[in-house]
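Peer 1: Next up, upload_1.cif (mmCIF, C-alpha atoms).
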data_protein
#
loop_
_atom_site.group_PDB
_atom_site.id
_atom_site.type_symbol
_atom_site.label_atom_id
_atom_site.label_comp_id
_atom_site.auth_asym_id
_atom_site.auth_seq_id
_atom_site.Cartn_x
_atom_site.Cartn_y
_atom_site.Cartn_z
ATOM 1 C CA MET A 1 47.091 4.051 5.099
ATOM 2 C CA ARG A 2 44.260 1.548 5.567
ATOM 3 C CA SER A 3 41.751 3.882 3.966
ATOM 4 C CA ARG A 4 44.023 4.269 0.944
ATOM 5 C CA VAL A 5 44.348 0.501 0.607
ATOM 6 C CA ALA A 6 40.570 0.144 0.845
ATOM 7 C CA LEU A 7 40.065 2.745 -1.877
ATOM 8 C CA LEU A 8 42.589 1.023 -4.137
ATOM 9 C CA LEU A 9 40.906 -2.338 -3.555
ATOM 10 C CA PHE A 10 37.490 -0.861 -4.333
ATOM 11 C CA ALA A 11 38.830 0.679 -7.543
ATOM 12 C CA ALA A 12 40.400 -2.639 -8.563
ATOM 13 C CA LEU A 13 37.174 -4.508 -7.945
ATOM 14 C CA ARG A 14 35.276 -2.053 -10.122
ATOM 15 C CA LEU A 15 37.809 -2.490 -12.911
ATOM 16 C CA ILE A 16 37.358 -6.255 -13.013
ATOM 17 C CA GLY A 17 33.587 -5.994 -12.577
ATOM 18 C CA ALA A 18 33.237 -7.449 -9.075
ATOM 19 C CA PRO A 19 31.617 -4.738 -6.905
ATOM 20 C CA LEU A 20 30.316 -7.323 -4.421
ATOM 21 C CA PRO A 21 32.443 -9.850 -2.536
ATOM 22 C CA GLY A 22 32.156 -13.614 -2.776
ATOM 23 C CA LEU A 23 30.042 -13.859 -5.908
ATOM 24 C CA ARG A 24 29.454 -17.222 -7.581
ATOM 25 C CA GLU A 25 28.125 -18.191 -10.995
ATOM 26 C CA GLY A 26 24.407 -18.855 -10.862
ATOM 27 C CA ASP A 27 23.793 -16.230 -8.173
ATOM 28 C CA ILE A 28 20.481 -14.413 -8.588
ATOM 29 C CA LEU A 29 20.276 -10.639 -8.266
ATOM 30 C CA PHE A 30 17.248 -8.538 -7.309
ATOM 31 C CA GLN A 31 16.743 -4.790 -7.599
ATOM 32 C CA THR A 32 14.044 -2.146 -7.901
ATOM 33 C CA SER A 33 13.829 -1.080 -11.515
ATOM 34 C CA ARG A 34 13.363 2.483 -12.730
ATOM 35 C CA SER A 35 11.186 1.264 -15.619
ATOM 36 C CA PRO A 36 7.670 2.684 -16.153
ATOM 37 C CA GLN A 37 6.080 -0.634 -15.153
ATOM 38 C CA SER A 38 8.081 -1.099 -11.951
ATOM 39 C CA ARG A 39 5.516 0.433 -9.594
ATOM 40 C CA ALA A 40 2.695 -1.688 -11.008
ATOM 41 C CA ILE A 41 4.785 -4.855 -10.527
ATOM 42 C CA GLN A 42 5.570 -3.885 -6.938
ATOM 43 C CA LEU A 43 1.904 -3.227 -6.146
ATOM 44 C CA ALA A 44 0.589 -6.354 -7.859
ATOM 45 C CA THR A 45 3.135 -8.675 -6.222
ATOM 46 C CA HIS A 46 3.519 -6.834 -2.875
ATOM 47 C CA SER A 47 7.249 -6.722 -3.433
ATOM 48 C CA ARG A 48 10.037 -4.189 -3.084
ATOM 49 C CA TYR A 49 11.796 -5.782 -6.059
ATOM 50 C CA SER A 50 10.660 -5.499 -9.657
ATOM 51 C CA HIS A 51 13.674 -6.711 -11.663
ATOM 52 C CA MET A 52 16.150 -9.576 -11.469
ATOM 53 C CA GLY A 53 18.908 -11.356 -13.362
ATOM 54 C CA ILE A 54 21.366 -14.235 -13.118
ATOM 55 C CA LEU A 55 25.136 -13.962 -12.833
ATOM 56 C CA PHE A 56 27.810 -15.644 -14.956
ATOM 57 C CA ARG A 57 31.494 -14.982 -15.616
ATOM 58 C CA ASP A 58 33.084 -14.089 -18.923
ATOM 59 C CA GLY A 59 36.791 -14.325 -18.266
ATOM 60 C CA ARG A 60 37.391 -11.872 -15.428
ATOM 61 C CA ARG A 61 34.113 -10.020 -15.944
ATOM 62 C CA TRP A 62 30.852 -10.620 -14.127
ATOM 63 C CA LEU A 63 27.839 -10.363 -16.430
ATOM 64 C CA VAL A 64 24.143 -10.329 -15.554
ATOM 65 C CA TYR A 65 21.895 -12.172 -17.985
ATOM 66 C CA GLU A 66 18.671 -10.159 -17.923
ATOM 67 C CA ALA A 67 15.454 -9.756 -19.874
ATOM 68 C CA VAL A 68 15.115 -6.138 -20.897
ATOM 69 C CA GLN A 69 14.660 -4.988 -24.464
ATOM 70 C CA PRO A 70 16.119 -7.251 -25.713
ATOM 71 C CA VAL A 71 17.439 -10.081 -23.518
ATOM 72 C CA LYS A 72 21.126 -9.323 -23.033
ATOM 73 C CA ARG A 73 24.237 -9.643 -20.865
ATOM 74 C CA THR A 74 24.981 -6.531 -18.800
ATOM 75 C CA PRO A 75 28.217 -5.831 -16.868
ATOM 76 C CA LEU A 76 27.467 -6.235 -13.186
ATOM 77 C CA GLN A 77 28.309 -2.702 -12.067
ATOM 78 C CA ALA A 78 26.207 -1.200 -14.863
ATOM 79 C CA TRP A 79 23.325 -3.445 -13.804
ATOM 80 C CA ILE A 80 23.622 -2.344 -10.172
ATOM 81 C CA ASP A 81 23.906 1.339 -11.083
ATOM 82 C CA ARG A 82 20.710 1.155 -13.144
ATOM 83 C CA GLY A 83 18.555 0.165 -10.163
ATOM 84 C CA VAL A 84 17.009 2.510 -7.609
ATOM 85 C CA GLY A 85 19.661 3.684 -5.151
ATOM 86 C CA GLY A 86 22.187 1.141 -6.418
ATOM 87 C CA HIS A 87 20.515 -1.350 -4.059
ATOM 88 C CA VAL A 88 20.885 -5.046 -4.891
ATOM 89 C CA VAL A 89 20.222 -8.327 -3.090
ATOM 90 C CA VAL A 90 22.180 -11.439 -4.107
ATOM 91 C CA LYS A 91 20.635 -14.854 -3.451
ATOM 92 C CA ARG A 92 22.163 -18.294 -3.954
ATOM 93 C CA LEU A 93 20.982 -21.880 -4.079
ATOM 94 C CA LYS A 94 21.570 -23.285 -0.578
ATOM 95 C CA ASP A 95 23.252 -26.472 -1.836
ATOM 96 C CA ARG A 96 24.811 -24.681 -4.783
ATOM 97 C CA ASP A 97 28.175 -26.477 -4.735
ATOM 98 C CA GLN A 98 26.537 -29.902 -4.904
ATOM 99 C CA ARG A 99 23.927 -29.096 -7.551
ATOM 100 C CA LEU A 100 25.609 -26.495 -9.752
ATOM 101 C CA THR A 101 28.591 -28.460 -10.974
ATOM 102 C CA PRO A 102 30.790 -26.968 -13.719
ATOM 103 C CA GLU A 103 28.920 -29.114 -16.236
ATOM 104 C CA VAL A 104 25.516 -27.890 -15.029
ATOM 105 C CA LEU A 105 26.682 -24.266 -14.996
ATOM 106 C CA GLY A 106 27.892 -24.665 -18.559
ATOM 107 C CA HIS A 107 24.470 -25.956 -19.563
ATOM 108 C CA MET A 108 22.757 -23.068 -17.752
ATOM 109 C CA ARG A 109 25.002 -20.580 -19.519
ATOM 110 C CA SER A 110 24.095 -22.172 -22.864
ATOM 111 C CA ILE A 111 20.390 -21.880 -22.066
ATOM 112 C CA GLY A 112 20.914 -18.223 -21.202
ATOM 113 C CA ALA A 113 22.790 -17.637 -24.466
ATOM 114 C CA HIS A 114 19.905 -19.282 -26.338
ATOM 115 C CA PHE A 115 17.580 -16.517 -25.109
ATOM 116 C CA LEU A 116 19.914 -13.610 -25.938
ATOM 117 C CA GLY A 117 18.342 -11.164 -28.365
ATOM 118 C CA ARG A 118 14.754 -12.249 -27.653
ATOM 119 C CA PRO A 119 12.374 -9.302 -27.261
ATOM 120 C CA TYR A 120 11.079 -8.340 -23.837
ATOM 121 C CA ASP A 121 7.631 -9.730 -23.082
ATOM 122 C CA LEU A 122 5.341 -6.816 -22.218
ATOM 123 C CA THR A 123 2.330 -9.105 -21.749
ATOM 124 C CA PHE A 124 4.056 -11.750 -19.579
ATOM 125 C CA GLU A 125 3.134 -14.775 -21.703
ATOM 126 C CA TRP A 126 4.544 -18.217 -20.894
ATOM 127 C CA SER A 127 6.242 -18.810 -24.230
ATOM 128 C CA ASP A 128 9.867 -18.604 -25.332
ATOM 129 C CA ASP A 129 9.178 -16.139 -28.149
ATOM 130 C CA ARG A 130 9.376 -13.185 -25.772
ATOM 131 C CA ILE A 131 10.826 -13.232 -22.269
ATOM 132 C CA TYR A 132 10.450 -11.183 -19.070
ATOM 133 C CA CYS A 133 13.031 -10.976 -16.302
ATOM 134 C CA SER A 134 11.889 -13.564 -13.756
ATOM 135 C CA GLU A 135 10.816 -15.927 -16.529
ATOM 136 C CA LEU A 136 14.361 -15.848 -17.948
ATOM 137 C CA VAL A 137 15.989 -16.758 -14.625
ATOM 138 C CA TRP A 138 13.365 -19.413 -13.827
ATOM 139 C CA LYS A 139 13.795 -21.079 -17.231
ATOM 140 C CA ILE A 140 17.606 -20.986 -17.077
ATOM 141 C CA TYR A 141 17.437 -22.866 -13.775
ATOM 142 C CA ARG A 142 14.664 -25.234 -14.855
ATOM 143 C CA GLU A 143 16.056 -26.086 -18.300
ATOM 144 C CA GLY A 144 19.733 -25.834 -17.401
ATOM 145 C CA ALA A 145 19.776 -27.457 -13.966
ATOM 146 C CA GLY A 146 16.394 -29.151 -13.577
ATOM 147 C CA ILE A 147 15.569 -26.855 -10.645
ATOM 148 C CA GLU A 148 12.279 -24.955 -10.287
ATOM 149 C CA LEU A 149 12.813 -21.919 -8.056
ATOM 150 C CA GLY A 150 9.327 -21.027 -6.912
ATOM 151 C CA ALA A 151 5.944 -22.383 -7.944
ATOM 152 C CA LEU A 152 4.252 -20.783 -10.927
ATOM 153 C CA GLN A 153 1.227 -18.596 -10.301
ATOM 154 C CA THR A 154 -1.501 -17.209 -12.516
ATOM 155 C CA LEU A 155 -2.123 -13.550 -13.179
ATOM 156 C CA ARG A 156 -5.401 -13.687 -11.231
ATOM 157 C CA GLU A 157 -3.453 -14.523 -8.043
ATOM 158 C CA PHE A 158 -1.808 -11.090 -8.047
ATOM 159 C CA ASP A 159 -3.317 -8.019 -6.413
ATOM 160 C CA LEU A 160 -4.930 -6.286 -9.387
ATOM 161 C CA SER A 161 -6.975 -3.819 -7.358
ATOM 162 C CA ASN A 162 -4.699 -0.778 -7.371
ATOM 163 C CA PRO A 163 -5.514 1.898 -9.998
ATOM 164 C CA ALA A 164 -1.897 1.923 -11.194
ATOM 165 C CA VAL A 165 -2.057 -1.831 -11.795
ATOM 166 C CA ARG A 166 -5.429 -1.569 -13.536
ATOM 167 C CA ALA A 167 -4.121 1.200 -15.784
ATOM 168 C CA LYS A 168 -1.145 -0.952 -16.819
ATOM 169 C CA LEU A 169 -3.460 -3.902 -17.509
ATOM 170 C CA ARG A 170 -5.652 -1.743 -19.737
ATOM 171 C CA GLU A 171 -2.568 -0.480 -21.561
ATOM 172 C CA ARG A 172 -1.129 -3.950 -22.160
ATOM 173 C CA TYR A 173 -4.278 -6.023 -22.688
ATOM 174 C CA GLN A 174 -6.982 -3.567 -23.815
ATOM 175 C CA GLY A 175 -8.963 -4.535 -20.724
ATOM 176 C CA ARG A 176 -8.838 -8.319 -21.312
ATOM 177 C CA PRO A 177 -5.896 -9.693 -19.315
ATOM 178 C CA PRO A 178 -5.278 -13.483 -19.549
ATOM 179 C CA LEU A 179 -5.968 -14.173 -15.881
ATOM 180 C CA ASP A 180 -5.101 -17.874 -16.108
ATOM 181 C CA GLU A 181 -1.722 -17.354 -17.837
ATOM 182 C CA PRO A 182 1.137 -19.048 -15.910
ATOM 183 C CA VAL A 183 3.563 -16.483 -14.520
ATOM 184 C CA ILE A 184 6.560 -16.302 -12.202
ATOM 185 C CA SER A 185 7.225 -13.068 -10.319
ATOM 186 C CA PRO A 186 10.453 -11.708 -8.823
ATOM 187 C CA GLN A 187 8.780 -11.858 -5.403
ATOM 188 C CA ARG A 188 7.880 -15.562 -5.710
ATOM 189 C CA MET A 189 11.520 -16.322 -6.535
ATOM 190 C CA PHE A 190 12.795 -13.974 -3.817
ATOM 191 C CA GLU A 191 10.759 -15.948 -1.264
ATOM 192 C CA CYS A 192 11.882 -19.351 -2.572
ATOM 193 C CA PRO A 193 13.080 -21.437 0.421
ATOM 194 C CA GLU A 194 15.796 -23.057 -1.694
ATOM 195 C CA LEU A 195 17.603 -19.710 -1.908
ATOM 196 C CA GLU A 196 19.557 -17.832 0.746
ATOM 197 C CA THR A 197 20.716 -14.220 0.821
ATOM 198 C CA VAL A 198 24.497 -13.969 0.505
ATOM 199 C CA ALA A 199 25.025 -10.233 -0.115
ATOM 200 C CA THR A 200 23.129 -6.965 0.083
ATOM 201 C CA ARG A 201 24.179 -3.524 -1.002
#
Can you dump the structure from the file as structure tokens?

Peer 2:
Amino acid sequence: MRSRVALLLFAALRLIGAPLPGLREGDILFQTSRSPQSRAIQLATHSRYSHMGILFRDGRRWLVYEAVQPVKRTPLQAWIDRGVGGHVVVKRLKDRDQRLTPEVLGHMRSIGAHFLGRPYDLTFEWSDDRIYCSELVWKIYREGAGIELGALQTLREFDLSNPAVRAKLRERYQGRPPLDEPVISPQRMFECPELETVATR
């Protein structure tokens, strides 16, 4: 009987788009992408995770605002299923209830909507014309809530020694990468001390 109830509950959660318990708006999700550049990102940043997004509600649905091609809102379960092994880590601002008031969350959601439709940034430039995944989340928090989650780095601070990384740099920059370009990586945000892990699957 209990197993049947659990199965029914799981099915109901999938229907309303909440495959993880206890989610809150503004939560940040990390996964390992299946994209062609994922391995290079992992090697350069010494990270398991190569993609991320930020969570907001639309009625009863959970949507992940993410920078792919283009920036869009993806239903949560579809976002999870797209990652390697369906693995996801959910992190949350430690003092979230004090800092992310309904007004602030509304502003963050508006900032996210402002970026919808922007093309994905293959060269990781620090402009708003094109956006990559960690840049989107960082800017939603910075511009929407006045919170900087992780200090910016430059491209030269990454580990660019691996042949796979060098090959991707040649492909994207014709051998002349902008080493002093400001950048924020999924790993730098994953390590941010202002965030705590609240769910893992």

Peer 1: How would you write, as number ranges by chain, the residues chosen by the PyMOL selection byres ((chain A and resi 89) around 8) on this structure?

Peer 2: A: 29-31, 87-88, 90-91, 197-201

Peer 1: For region 182-186 of chain A, list every protein, DNA or RNA residue within 10 Å, evaluated using all atoms listed in the file, and leave out those in the same chain fewer than 5 positions away; present the list as a PyMOL selection string.

Peer 2: chain A and resi 29-31+41-42+44-45+47-53+124-127+132-138+149-158+191-192

Peer 1: Those same residues, written as an mmCIF file, keeping the file's coordinate frame with C-alpha atoms?

Peer 2:
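Writing the result to selection.cif gives the following:
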data_model
loop_
_atom_site.group_PDB
_atom_site.id
_atom_site.type_symbol
_atom_site.label_atom_id
_atom_site.label_comp_id
_atom_site.auth_asym_id
_atom_site.auth_seq_id
_atom_site.Cartn_x
_atom_site.Cartn_y
_atom_site.Cartn_z
ATOM 1 C CA LEU A 29 20.276 -10.639 -8.266
ATOM 2 C CA PHE A 30 17.248 -8.538 -7.309
ATOM 3 C CA GLN A 31 16.743 -4.790 -7.599
ATOM 4 C CA ILE A 41 4.785 -4.855 -10.527
ATOM 5 C CA GLN A 42 5.570 -3.885 -6.938
ATOM 6 C CA ALA A 44 0.589 -6.354 -7.859
ATOM 7 C CA THR A 45 3.135 -8.675 -6.222
ATOM 8 C CA SER A 47 7.249 -6.722 -3.433
ATOM 9 C CA ARG A 48 10.037 -4.189 -3.084
ATOM 10 C CA TYR A 49 11.796 -5.782 -6.059
ATOM 11 C CA SER A 50 10.660 -5.499 -9.657
ATOM 12 C CA HIS A 51 13.674 -6.711 -11.663
ATOM 13 C CA MET A 52 16.150 -9.576 -11.469
ATOM 14 C CA GLY A 53 18.908 -11.356 -13.362
ATOM 15 C CA PHE A 124 4.056 -11.750 -19.579
ATOM 16 C CA GLU A 125 3.134 -14.775 -21.703
ATOM 17 C CA TRP A 126 4.544 -18.217 -20.894
ATOM 18 C CA SER A 127 6.242 -18.810 -24.230
ATOM 19 C CA TYR A 132 10.450 -11.183 -19.070
ATOM 20 C CA CYS A 133 13.031 -10.976 -16.302
ATOM 21 C CA SER A 134 11.889 -13.564 -13.756
ATOM 22 C CA GLU A 135 10.816 -15.927 -16.529
ATOM 23 C CA LEU A 136 14.361 -15.848 -17.948
ATOM 24 C CA VAL A 137 15.989 -16.758 -14.625
ATOM 25 C CA TRP A 138 13.365 -19.413 -13.827
ATOM 26 C CA LEU A 149 12.813 -21.919 -8.056
ATOM 27 C CA GLY A 150 9.327 -21.027 -6.912
ATOM 28 C CA ALA A 151 5.944 -22.383 -7.944
ATOM 29 C CA LEU A 152 4.252 -20.783 -10.927
ATOM 30 C CA GLN A 153 1.227 -18.596 -10.301
ATOM 31 C CA THR A 154 -1.501 -17.209 -12.516
ATOM 32 C CA LEU A 155 -2.123 -13.550 -13.179
ATOM 33 C CA ARG A 156 -5.401 -13.687 -11.231
ATOM 34 C CA GLU A 157 -3.453 -14.523 -8.043
ATOM 35 C CA PHE A 158 -1.808 -11.090 -8.047
ATOM 36 C CA GLU A 191 10.759 -15.948 -1.264
ATOM 37 C CA CYS A 192 11.882 -19.351 -2.572
#

Peer 1: When you count all atoms listed in the file, which of these residues is closest to Pro119 (chain A): A:Leu23, A:Ile131, A:Ile54, A:Val64?

Peer 2: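 Checking each of A:Leu23, A:Ile131, A:Ile54, A:Val64 against Pro119 (chain A), counting all atoms listed in the file, the winner is A:Ile131.
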
Peer 1: Can you tell me how far CA of Gly26 (chain A) sits from CA of Arg188 (chain A), in Å to one decimal?

Peer 2: 17.6 Å

Peer 1: For Val71 (chain A), list every protein, DNA or RNA residue within 6 Å, evaluated using all atoms listed in the file, and leave out those in the same chain fewer than 6 positions away; present the list as a list in words.

Peer 2: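 The contact residues come out as Leu116, Gly117 and Arg118 of chain A.
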
Peer 1: Restricting the calculation to all atoms listed in the file, which member of A:Asp128, A:Glu25, A:Asp95, A:Asp81 is positioned closest to Ala67 (chain A)?

Peer 2: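 The answer is A:Asp128, which sits nearest to Ala67 (chain A).
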
Peer 1: Compare A:Leu195, A:Leu160, A:Met189, A:Leu179 by their minimum atom-to-atom distance to Leu43 (chain A), counting only C-alpha atoms, and give me the closest one.

Peer 2: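 Looking at the shortest contact to Leu43 (chain A), the residue is A:Leu160.
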
Peer 1: What lies within 10 Å of region 167-170 of chain A using all atoms listed in the file, ignoring chain neighbours under 3 positions off, as a PyMOL selection string?

Peer 2: chain A and resi 36-37+39-41+123+160+162-164+173-178

Peer 1: To one decimal in Å, tell me the separation between CA of Gln69 (chain A) and CA of Asp121 (chain A).

Peer 2: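 Atom-to-atom, CA of Gln69 (chain A) and CA of Asp121 (chain A) are spaced 8.6 Å apart.
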
Peer 1: Could you expand the PyMOL selection byres ((chain A and resi 99) around 12) into the explicit residues it covers here, written as JSON, numbers by chain?

Peer 2: {"A": [26, 92, 93, 94, 95, 96, 97, 98, 100, 101, 102, 103, 104, 105, 108, 141, 144, 145, 146, 147, 194]}

Peer 1: Quote the spacing between CA of Thr74 (chain A) and CA of Arg24 (chain A) in Å to one decimal place.

Peer 2: 16.1 Å

Peer 1: Please return as number ranges by chain every residue within 12 Å of (35.6, -14.8, -19.5), taking into account all atoms listed in the file and the file's own coordinates.

Peer 2: A: 16-17, 25, 56-63, 75

Peer 1: Include C-alpha atoms and write out the residues we just selected as a PDB file, keeping the file's coordinate frame.

Peer 2:
ATOM      1  CA  ILE A  16      37.358  -6.255 -13.013  1.00  0.00           C
ATOM      2  CA  GLY A  17      33.587  -5.994 -12.577  1.00  0.00           C
ATOM      3  CA  GLU A  25      28.125 -18.191 -10.995  1.00  0.00           C
ATOM      4  CA  PHE A  56      27.810 -15.644 -14.956  1.00  0.00           C
ATOM      5  CA  ARG A  57      31.494 -14.982 -15.616  1.00  0.00           C
ATOM      6  CA  ASP A  58      33.084 -14.089 -18.923  1.00  0.00           C
ATOM      7  CA  GLY A  59      36.791 -14.325 -18.266  1.00  0.00           C
ATOM      8  CA  ARG A  60      37.391 -11.872 -15.428  1.00  0.00           C
ATOM      9  CA  ARG A  61      34.113 -10.020 -15.944  1.00  0.00           C
ATOM     10  CA  TRP A  62      30.852 -10.620 -14.127  1.00  0.00           C
ATOM     11  CA  LEU A  63      27.839 -10.363 -16.430  1.00  0.00           C
ATOM     12  CA  PRO A  75      28.217  -5.831 -16.868  1.00  0.00           C
TER      13      PRO A  75
END

Peer 1: Assuming the chain letters and numbering stay as they are in my file, what does the PyMOL selection byres ((chain A and resi 83) around 6) actually select? List them as a count of residues only.

Peer 2: 8
